[in-house]
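Okay, protein-v9.txt now, which holds compact mmCIF, C-alpha atoms:
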```txt
# COMPACT_ATOMS: atom_id res chain seq x y z
CA MET A 10 33.61 15.63 6.43
CA SER A 11 33.52 12.41 4.40
CA GLU A 12 35.00 10.36 7.25
CA PHE A 13 32.45 11.70 9.72
CA ARG A 14 29.66 10.92 7.26
CA THR A 15 30.90 7.32 7.04
CA TYR A 16 31.01 7.10 10.84
CA LEU A 17 27.46 8.44 11.17
CA LEU A 18 26.02 5.98 8.67
CA SER A 19 27.77 3.13 10.48
CA LEU A 20 26.46 4.37 13.84
CA GLN A 21 22.90 4.48 12.50
CA SER A 22 23.22 0.92 11.16
CA ARG A 23 24.68 -0.42 14.42
CA ILE A 24 21.96 1.12 16.56
CA THR A 25 19.04 0.06 14.39
CA ALA A 26 20.41 -3.50 14.16
CA ALA A 27 20.60 -3.65 17.97
CA ILE A 28 17.00 -2.46 18.32
CA GLU A 29 15.81 -5.06 15.82
CA ALA A 30 17.64 -7.71 17.85
CA ILE A 31 15.75 -6.58 20.97
CA GLU A 32 12.48 -6.81 19.02
CA GLY A 33 13.42 -10.43 18.36
CA GLU A 34 12.00 -12.97 15.98
CA GLY A 35 8.65 -11.81 14.65
CA GLY A 36 9.20 -8.28 15.97
CA ALA A 37 9.03 -5.07 13.96
CA ARG A 38 11.78 -4.00 11.59
CA PHE A 39 13.05 -0.58 10.53
CA ARG A 40 11.90 0.84 7.25
CA ALA A 41 14.63 2.81 5.49
CA ASP A 42 13.43 5.98 3.78
CA ALA A 43 16.29 7.42 1.72
CA TRP A 44 15.73 10.99 0.55
CA GLN A 45 17.44 13.73 -1.44
CA ARG A 46 16.55 17.39 -1.56
CA PRO A 47 15.29 18.65 -4.94
CA ALA A 48 17.38 21.19 -6.83
CA GLU A 49 14.95 24.05 -6.10
CA SER A 50 14.97 23.40 -2.34
CA PRO A 51 16.51 25.99 0.02
CA LEU A 52 18.60 23.12 1.42
CA GLN A 53 20.64 20.66 -0.61
CA GLY A 54 21.72 17.24 0.54
CA ASP A 55 20.48 13.79 1.39
CA GLY A 56 19.77 11.44 4.24
CA VAL A 57 18.25 8.21 5.43
CA THR A 58 15.39 8.11 7.91
CA ARG A 59 14.95 4.72 9.57
CA ILE A 60 11.63 4.25 11.31
CA LEU A 61 10.16 1.32 13.25
CA GLU A 62 6.50 1.40 14.29
CA GLY A 63 4.15 -0.97 16.06
CA GLY A 64 6.87 -3.15 17.50
CA ARG A 65 6.72 -5.73 20.26
CA VAL A 66 9.09 -3.67 22.44
CA PHE A 67 9.17 -0.28 20.69
CA GLU A 68 5.95 1.46 19.80
CA ARG A 69 7.90 3.92 17.69
CA ALA A 70 11.64 4.24 17.11
CA GLY A 71 13.10 6.79 14.73
CA CYS A 72 16.78 7.11 13.83
CA GLY A 73 17.68 9.61 11.16
CA PHE A 74 20.86 10.53 9.30
CA SER A 75 21.05 13.80 7.38
CA HIS A 76 23.76 15.68 5.48
CA VAL A 77 22.63 19.05 4.19
CA SER A 78 24.03 22.40 3.10
CA GLY A 79 22.38 25.77 2.74
CA PRO A 80 23.01 29.37 1.76
CA GLN A 81 22.72 30.79 5.29
CA LEU A 82 22.65 29.54 8.86
CA PRO A 83 19.22 29.78 10.53
CA PRO A 84 18.88 31.98 13.65
CA SER A 85 18.82 28.95 15.99
CA ALA A 86 22.41 28.14 14.98
CA THR A 87 23.90 31.62 15.24
CA GLN A 88 22.71 32.84 18.64
CA HIS A 89 26.15 32.00 20.08
CA ARG A 90 28.06 32.85 16.88
CA PRO A 91 26.69 36.18 15.60
CA GLU A 92 29.71 36.67 13.32
CA LEU A 93 28.41 33.77 11.20
CA ALA A 94 24.89 35.14 10.75
CA GLY A 95 23.90 34.65 7.14
CA ALA A 96 26.91 32.46 6.32
CA PRO A 97 26.53 29.37 4.11
CA PHE A 98 26.77 26.12 6.06
CA GLU A 99 27.04 22.36 5.91
CA ALA A 100 25.59 20.12 8.63
CA MET A 101 25.40 16.39 9.23
CA GLY A 102 24.31 14.23 12.09
CA VAL A 103 22.41 11.27 13.48
CA SER A 104 19.43 11.87 15.73
CA LEU A 105 17.19 9.32 17.39
CA VAL A 106 14.24 9.07 19.74
CA PHE A 107 12.88 5.69 20.87
CA HIS A 108 9.42 5.40 22.44
CA PRO A 109 9.00 1.94 24.05
CA ARG A 110 5.62 0.27 24.36
CA SER A 111 6.07 -0.60 28.04
CA PRO A 112 5.74 2.28 30.54
CA MET A 113 8.52 0.59 32.52
CA VAL A 114 11.05 1.20 29.76
CA PRO A 115 12.20 4.83 29.47
CA THR A 116 12.10 6.91 26.33
CA VAL A 117 15.57 7.88 25.13
CA HIS A 118 17.07 10.55 22.89
CA MET A 119 20.54 10.74 21.35
CA ASN A 120 22.07 13.08 18.82
CA VAL A 121 25.56 13.69 17.43
CA ARG A 122 26.23 16.34 14.81
CA MET A 123 28.80 18.56 13.11
CA ILE A 124 28.29 21.97 11.52
CA ALA A 125 30.74 23.87 9.29
CA ALA A 126 30.11 27.46 8.21
CA GLY A 127 32.05 30.40 6.89
CA GLN A 128 31.85 33.56 4.85
CA ALA A 129 33.12 33.53 1.26
CA GLY A 130 36.91 33.70 1.06
CA GLY A 131 37.46 32.71 4.68
CA GLU A 132 38.33 29.49 6.45
CA PRO A 133 35.24 27.52 7.51
CA VAL A 134 34.50 27.21 11.21
CA CYS A 135 33.58 23.72 12.45
CA TRP A 136 31.85 22.81 15.65
CA PHE A 137 30.15 19.78 17.18
CA GLY A 138 27.18 19.02 19.35
CA GLY A 139 25.16 16.18 20.75
CA GLY A 140 24.43 14.13 23.80
CA MET A 141 21.87 11.70 25.16
CA ASP A 142 19.22 11.84 27.85
CA LEU A 143 16.83 9.42 29.49
CA THR A 144 13.13 10.06 30.15
CA PRO A 145 11.55 7.43 32.42
CA TYR A 146 7.87 7.13 33.26
CA TYR A 147 8.51 4.94 36.30
CA GLY A 148 11.87 5.67 37.84
CA PHE A 149 14.54 3.18 38.93
CA ASP A 150 17.68 4.40 40.64
CA GLU A 151 19.91 1.72 39.12
CA ASP A 152 18.85 2.73 35.59
CA ALA A 153 19.67 6.40 36.13
CA VAL A 154 23.01 5.51 37.76
CA HIS A 155 23.97 3.16 34.93
CA PHE A 156 23.04 5.68 32.25
CA HIS A 157 25.06 8.47 33.87
CA ARG A 158 28.06 6.25 34.60
CA THR A 159 28.22 5.23 30.95
CA CYS A 160 28.08 8.87 29.88
CA ARG A 161 30.80 9.77 32.38
CA ASP A 162 33.07 6.96 31.21
CA ALA A 163 32.63 7.93 27.55
CA LEU A 164 33.89 11.45 28.28
CA ALA A 165 36.63 10.55 30.78
CA PRO A 166 39.44 10.14 28.18
CA PHE A 167 38.97 13.77 27.17
CA GLY A 168 39.13 15.29 30.63
CA GLU A 169 37.44 14.74 33.97
CA GLN A 170 35.81 18.16 33.76
CA LEU A 171 33.64 17.31 30.73
CA TYR A 172 31.10 14.99 32.36
CA PRO A 173 30.02 17.32 35.21
CA ARG A 174 29.95 20.24 32.79
CA PHE A 175 27.96 18.40 30.09
CA LYS A 176 25.69 16.86 32.75
CA GLN A 177 24.80 20.31 34.05
CA TRP A 178 24.34 21.53 30.48
CA CYS A 179 21.90 18.66 29.90
CA ASP A 180 19.93 19.47 33.06
CA GLU A 181 19.66 23.10 32.01
CA TYR A 182 18.77 22.36 28.40
CA PHE A 183 16.18 19.59 28.82
CA TYR A 184 14.06 21.70 31.12
CA LEU A 185 10.47 22.78 30.50
CA LYS A 186 10.59 26.41 31.54
CA HIS A 187 6.85 26.88 31.22
CA ARG A 188 6.27 24.08 33.74
CA ASP A 189 9.39 24.49 35.91
CA GLU A 190 10.09 20.80 35.37
CA GLN A 191 12.92 18.60 34.12
CA ARG A 192 12.16 16.44 31.09
CA GLY A 193 13.78 13.34 32.60
CA VAL A 194 16.82 12.20 34.57
CA GLY A 195 19.20 13.87 32.12
CA GLY A 196 22.46 12.59 30.76
CA VAL A 197 24.94 14.75 28.86
CA PHE A 198 24.54 17.53 26.33
CA PHE A 199 26.94 19.83 24.51
CA ASP A 200 26.69 22.31 21.67
CA ASP A 201 28.89 24.77 19.76
CA PHE A 202 31.83 22.64 20.89
CA SER A 203 35.28 22.97 19.32
CA GLU A 204 37.53 23.95 22.22
CA LEU A 205 39.68 20.79 22.13
CA GLY A 206 40.62 21.32 18.50
CA PHE A 207 39.08 19.53 15.55
CA GLU A 208 40.37 15.99 16.14
CA ARG A 209 39.67 15.75 19.88
CA SER A 210 36.33 17.57 19.61
CA LEU A 211 35.41 15.05 16.94
CA GLY A 212 36.60 12.30 19.28
CA VAL A 213 34.28 13.52 22.03
CA THR A 214 31.36 13.43 19.64
CA GLN A 215 32.11 9.93 18.40
CA SER A 216 32.65 8.63 21.93
CA VAL A 217 29.20 9.88 22.93
CA GLY A 218 27.67 8.21 19.87
CA ASP A 219 29.46 4.93 20.59
CA ALA A 220 28.31 4.98 24.23
CA PHE A 221 24.61 5.07 23.38
CA LEU A 222 23.95 1.34 23.11
CA PRO A 223 25.95 0.43 26.26
CA ALA A 224 24.01 3.13 28.12
CA TYR A 225 20.50 2.21 26.98
CA GLU A 226 20.36 -1.44 25.94
CA PRO A 227 20.85 -2.95 29.43
CA ILE A 228 18.03 -0.78 30.77
CA VAL A 229 15.66 -2.01 28.07
CA GLN A 230 16.60 -5.63 28.77
CA ARG A 231 15.95 -5.16 32.52
CA ARG A 232 12.53 -3.53 32.14
CA MET A 233 10.90 -4.77 28.92
CA ASN A 234 9.23 -7.83 30.48
CA MET A 235 7.98 -6.20 33.67
CA PRO A 236 4.18 -6.32 34.11
CA TRP A 237 2.07 -3.22 33.54
CA GLY A 238 -1.57 -2.35 33.01
CA GLU A 239 -4.03 0.38 32.15
CA ARG A 240 -2.95 2.62 35.04
CA GLU A 241 0.68 2.60 33.93
CA ARG A 242 -0.25 3.11 30.28
CA ASP A 243 -2.42 6.09 31.16
CA PHE A 244 0.46 7.68 33.07
CA GLN A 245 2.89 6.99 30.22
CA LEU A 246 0.64 8.77 27.69
CA TYR A 247 0.24 11.72 30.06
CA ARG A 248 3.99 12.04 30.57
CA ARG A 249 4.60 11.77 26.83
CA GLY A 250 2.72 15.05 26.58
CA ARG A 251 5.62 16.75 28.35
CA TYR A 252 8.01 15.27 25.79
CA VAL A 253 5.97 16.71 22.93
CA GLU A 254 5.80 20.10 24.63
CA PHE A 255 9.56 20.30 25.00
CA ASN A 256 10.33 19.22 21.45
CA LEU A 257 7.92 21.69 19.88
CA VAL A 258 8.44 24.67 22.18
CA TRP A 259 12.09 24.59 23.29
CA ASP A 260 14.21 22.15 21.28
CA ARG A 261 16.86 23.92 19.19
CA GLY A 262 17.23 20.94 16.87
CA THR A 263 13.56 21.08 15.94
CA HIS A 264 13.80 24.83 15.41
CA PHE A 265 16.99 24.48 13.32
CA GLY A 266 15.37 21.94 11.05
CA LEU A 267 12.16 23.87 10.52
CA GLN A 268 13.85 27.27 10.16
CA SER A 269 16.33 25.95 7.60
CA GLY A 270 13.67 24.33 5.46
CA GLY A 271 14.47 20.78 6.52
CA ARG A 272 12.43 17.67 5.87
CA THR A 273 9.43 17.86 8.21
CA GLU A 274 8.78 14.10 8.42
CA SER A 275 12.38 13.51 9.52
CA ILE A 276 12.43 16.44 11.94
CA LEU A 277 9.28 15.23 13.70
CA LEU A 278 10.24 11.56 13.95
CA SER A 279 10.72 12.24 17.66
CA MET A 280 6.96 12.49 18.23
CA PRO A 281 5.30 9.54 20.04
CA PRO A 282 2.49 7.72 18.22
CA GLN A 283 0.02 8.24 21.06
CA VAL A 284 -0.06 10.95 23.72
CA ALA A 285 -2.54 12.48 26.18
CA TRP A 286 -2.97 15.59 28.31
CA SER A 287 -4.84 15.96 31.60
CA TYR A 288 -5.97 19.20 33.18
CA ARG A 289 -4.10 19.74 36.47
CA ARG A 290 -3.55 16.06 37.11
CA GLU A 291 -2.50 15.26 40.69
CA ASP A 292 -1.15 11.85 41.69
CA PRO A 293 -1.46 10.58 45.30
CA PRO A 294 1.59 11.46 47.44
CA GLY A 295 3.96 8.52 47.71
CA SER A 296 2.56 6.75 44.65
CA PRO A 297 4.97 5.52 41.95
CA GLU A 298 3.58 8.22 39.67
CA ALA A 299 4.18 10.98 42.22
CA GLN A 300 7.69 9.66 42.89
CA LEU A 301 8.65 10.39 39.30
CA THR A 302 8.29 14.11 39.92
CA GLU A 303 9.38 14.07 43.55
CA ARG A 304 12.53 11.98 43.13
CA PHE A 305 13.54 11.56 39.51
CA LEU A 306 12.62 14.83 37.82
CA GLN A 307 15.04 16.68 40.04
CA ARG A 308 18.56 17.87 39.27
CA ARG A 309 20.84 15.60 41.23
CA ASP A 310 24.15 13.77 41.01
CA TRP A 311 23.60 10.17 39.95
CA VAL A 312 27.24 9.08 40.08
```

Can I see the file as structure tokens?
Amino acid sequence: MSEFRTYLLSLQSRITAAIEAIEGEGGARFRADAWQRPAESPLQGDGVTRILEGGRVFERAGCGFSHVSGPQLPPSATQHRPELAGAPFEAMGVSLVFHPRSPMVPTVHMNVRMIAAGQAGGEPVCWFGGGMDLTPYYGFDEDAVHFHRTCRDALAPFGEQLYPRFKQWCDEYFYLKHRDEQRGVGGVFFDDFSELGFERSLGVTQSVGDAFLPAYEPIVQRRMNMPWGERERDFQLYRRGRYVEFNLVWDRGTHFGLQSGGRTESILLSMPPQVAWSYRREDPPGSPEAQLTERFLQRRDWV
């Protein structure tokens, strides 16, 4: 567990340093908010929430590390492992969501985590989870292809079957059931994963974490200086509403954090700073806004 903790803290530092480099001279910088749970808390542990707000490129970027333990797993973590219901647990991970200022730059999410749990007197059970997915407002084929290729290549050393399986898992998970709509163009997602044994399952998780910057940074560099105006901003805020809906209604990570008594500010760092809803909005057929739904928010093979 200590080695994975060291890896996660390094991953958080590498990613936030890269985002600050994109912000450039005079751009926003991350504020580090280190925290520790009080003795009377239902959860014990510590973490570091790094948050950047009001940036030149990123309107809000949150990247959090947490390492907590508790007396019993919350329901969101035991639905696939009923034999561990009520077992004490330890969990650690890095989770991030970046909301760019420009509507031409997609929002991105990435998470890698490990959970260990077990009943008293027994061997603990360890499993991993994580993934990354891309949520554009204005779609570009080359961005979706690049993102998926990078995900595929990160998983390739562990078996050719993992990418198509985790890609499908991502499509099925990041889906707004109440709207019959995908959240974005997907990526990869996995959970309750331990089938390759501890070392190789850990390797899968670290490879996904290490692939995040190569997957996302080139897209930001391509799109961050493209022109945009009030029309594009209005559409971005409207589409951000879908992101909020998914995170609050369906996301298991949000539910896990809230059900286990986690730190609310850190759990909700994924929320965008500004968002809007429109009643039954309809965009003209063939418009760039309509193409997002017609072409990009569809389950398809990008590589």

- Message: List as an NGL selection string the protein and nucleic acid residues near Val217 of chain A, meaning an atom at most 12 Å away when only C-alpha atoms are counted, but skip any in the same chain fewer than 2 places from it.
- Response: :A and (17 or 20 or 103 or 119-122 or 137-142 or 156-157 or 159-167 or 171-172 or 175 or 196-199 or 210-215 or 219-224)

- Message: Using Å and a single decimal, report how far atom CA of Tyr225 of chain A sits from atom CA of His76 of chain A.
- Response: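 So the two atoms, atom CA of His76 of chain A and atom CA of Tyr225 of chain A, lie 25.6 Å apart.
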
- Message: Could you tell me how far atom CA of Gln283 of chain A sits from atom CA of Gly36 of chain A, in Å to one decimal place?
- Response: 19.6 Å

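Each of A:Trp136, A:Asp189, A:Val106, A:His155 was checked against Glu208 of chain A using all atoms listed in the file; the smallest atom-to-atom distance is that of A:Trp136.
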
Kindly list the centre and edge lengths in Å, rounded to one decimal, for the axis-aligned box that covers all listed atoms of segment 170-173 of chain A plus 8 Å on each of its six sides, as JSON.
```
{"center_x": 32.9, "center_y": 16.6, "center_z": 33.0, "size_x": 21.8, "size_y": 19.2, "size_z": 20.5}
```

- Query: For Leu82 of chain A, which of A:Asp260, A:Glu99, A:Glu204, A:Glu298 is the closest residue, counting all atoms listed in the file?
  - Reply: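 Counting all atoms listed in the file, the residue closest to Leu82 of chain A is A:Glu99.
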
- Query: Can you tell me how far atom CA of Tyr247 of chain A sits from atom CA of Trp286 of chain A, in Å to one decimal?
  - Reply: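 Taking atom CA of Tyr247 of chain A as the start and atom CA of Trp286 of chain A as the end point, the length is 5.3 Å.
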
- Would you mind listing what lies within 9 Å of Gly73 of chain A as number ranges by chain, with all atoms listed in the file counted and same-chain residues fewer than 2 positions away left out? A: 21, 56-60, 71, 75, 102-105, 275-276, 278

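Using all atoms listed in the file for every distance, the candidate list A:Phe244, A:Phe67, A:Tyr182, A:Phe107 yields A:Phe244 as the residue closest to Asp292 of chain A.
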
How about completing segment 118-129 of chain A with N, CA and C atoms and giving it to me as a PDB file, in the frame of the given file?
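Listed below is the output, rebuild10.pdb:
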```
ATOM      1  N   HIS A 118      16.675   9.695  24.004  1.00  0.00           N
ATOM      2  CA  HIS A 118      17.070  10.550  22.890  1.00  0.00           C
ATOM      3  C   HIS A 118      18.591  10.576  22.811  1.00  0.00           C
ATOM      4  N   MET A 119      19.098  10.567  21.570  1.00  0.00           N
ATOM      5  CA  MET A 119      20.540  10.740  21.350  1.00  0.00           C
ATOM      6  C   MET A 119      20.736  11.486  20.046  1.00  0.00           C
ATOM      7  N   ASN A 120      21.757  12.324  20.021  1.00  0.00           N
ATOM      8  CA  ASN A 120      22.070  13.080  18.820  1.00  0.00           C
ATOM      9  C   ASN A 120      23.563  13.382  18.796  1.00  0.00           C
ATOM     10  N   VAL A 121      24.190  13.226  17.635  1.00  0.00           N
ATOM     11  CA  VAL A 121      25.560  13.690  17.430  1.00  0.00           C
ATOM     12  C   VAL A 121      25.591  14.399  16.079  1.00  0.00           C
ATOM     13  N   ARG A 122      26.298  15.527  16.017  1.00  0.00           N
ATOM     14  CA  ARG A 122      26.230  16.340  14.810  1.00  0.00           C
ATOM     15  C   ARG A 122      27.493  17.191  14.659  1.00  0.00           C
ATOM     16  N   MET A 123      27.693  17.656  13.439  1.00  0.00           N
ATOM     17  CA  MET A 123      28.800  18.560  13.110  1.00  0.00           C
ATOM     18  C   MET A 123      28.260  19.625  12.163  1.00  0.00           C
ATOM     19  N   ILE A 124      28.678  20.863  12.388  1.00  0.00           N
ATOM     20  CA  ILE A 124      28.290  21.970  11.520  1.00  0.00           C
ATOM     21  C   ILE A 124      29.555  22.704  11.095  1.00  0.00           C
ATOM     22  N   ALA A 125      29.640  23.050   9.820  1.00  0.00           N
ATOM     23  CA  ALA A 125      30.740  23.870   9.290  1.00  0.00           C
ATOM     24  C   ALA A 125      30.119  25.057   8.569  1.00  0.00           C
ATOM     25  N   ALA A 126      30.645  26.242   8.831  1.00  0.00           N
ATOM     26  CA  ALA A 126      30.110  27.460   8.210  1.00  0.00           C
ATOM     27  C   ALA A 126      31.227  28.463   8.028  1.00  0.00           C
ATOM     28  N   GLY A 127      31.046  29.361   7.103  1.00  0.00           N
ATOM     29  CA  GLY A 127      32.050  30.400   6.890  1.00  0.00           C
ATOM     30  C   GLY A 127      31.640  31.343   5.780  1.00  0.00           C
ATOM     31  N   GLN A 128      32.102  32.576   5.893  1.00  0.00           N
ATOM     32  CA  GLN A 128      31.850  33.560   4.850  1.00  0.00           C
ATOM     33  C   GLN A 128      32.760  33.289   3.652  1.00  0.00           C
ATOM     34  N   ALA A 129      32.351  33.742   2.485  1.00  0.00           N
ATOM     35  CA  ALA A 129      33.120  33.530   1.260  1.00  0.00           C
ATOM     36  C   ALA A 129      34.534  34.073   1.403  1.00  0.00           C
TER      37      ALA A 129
END
```
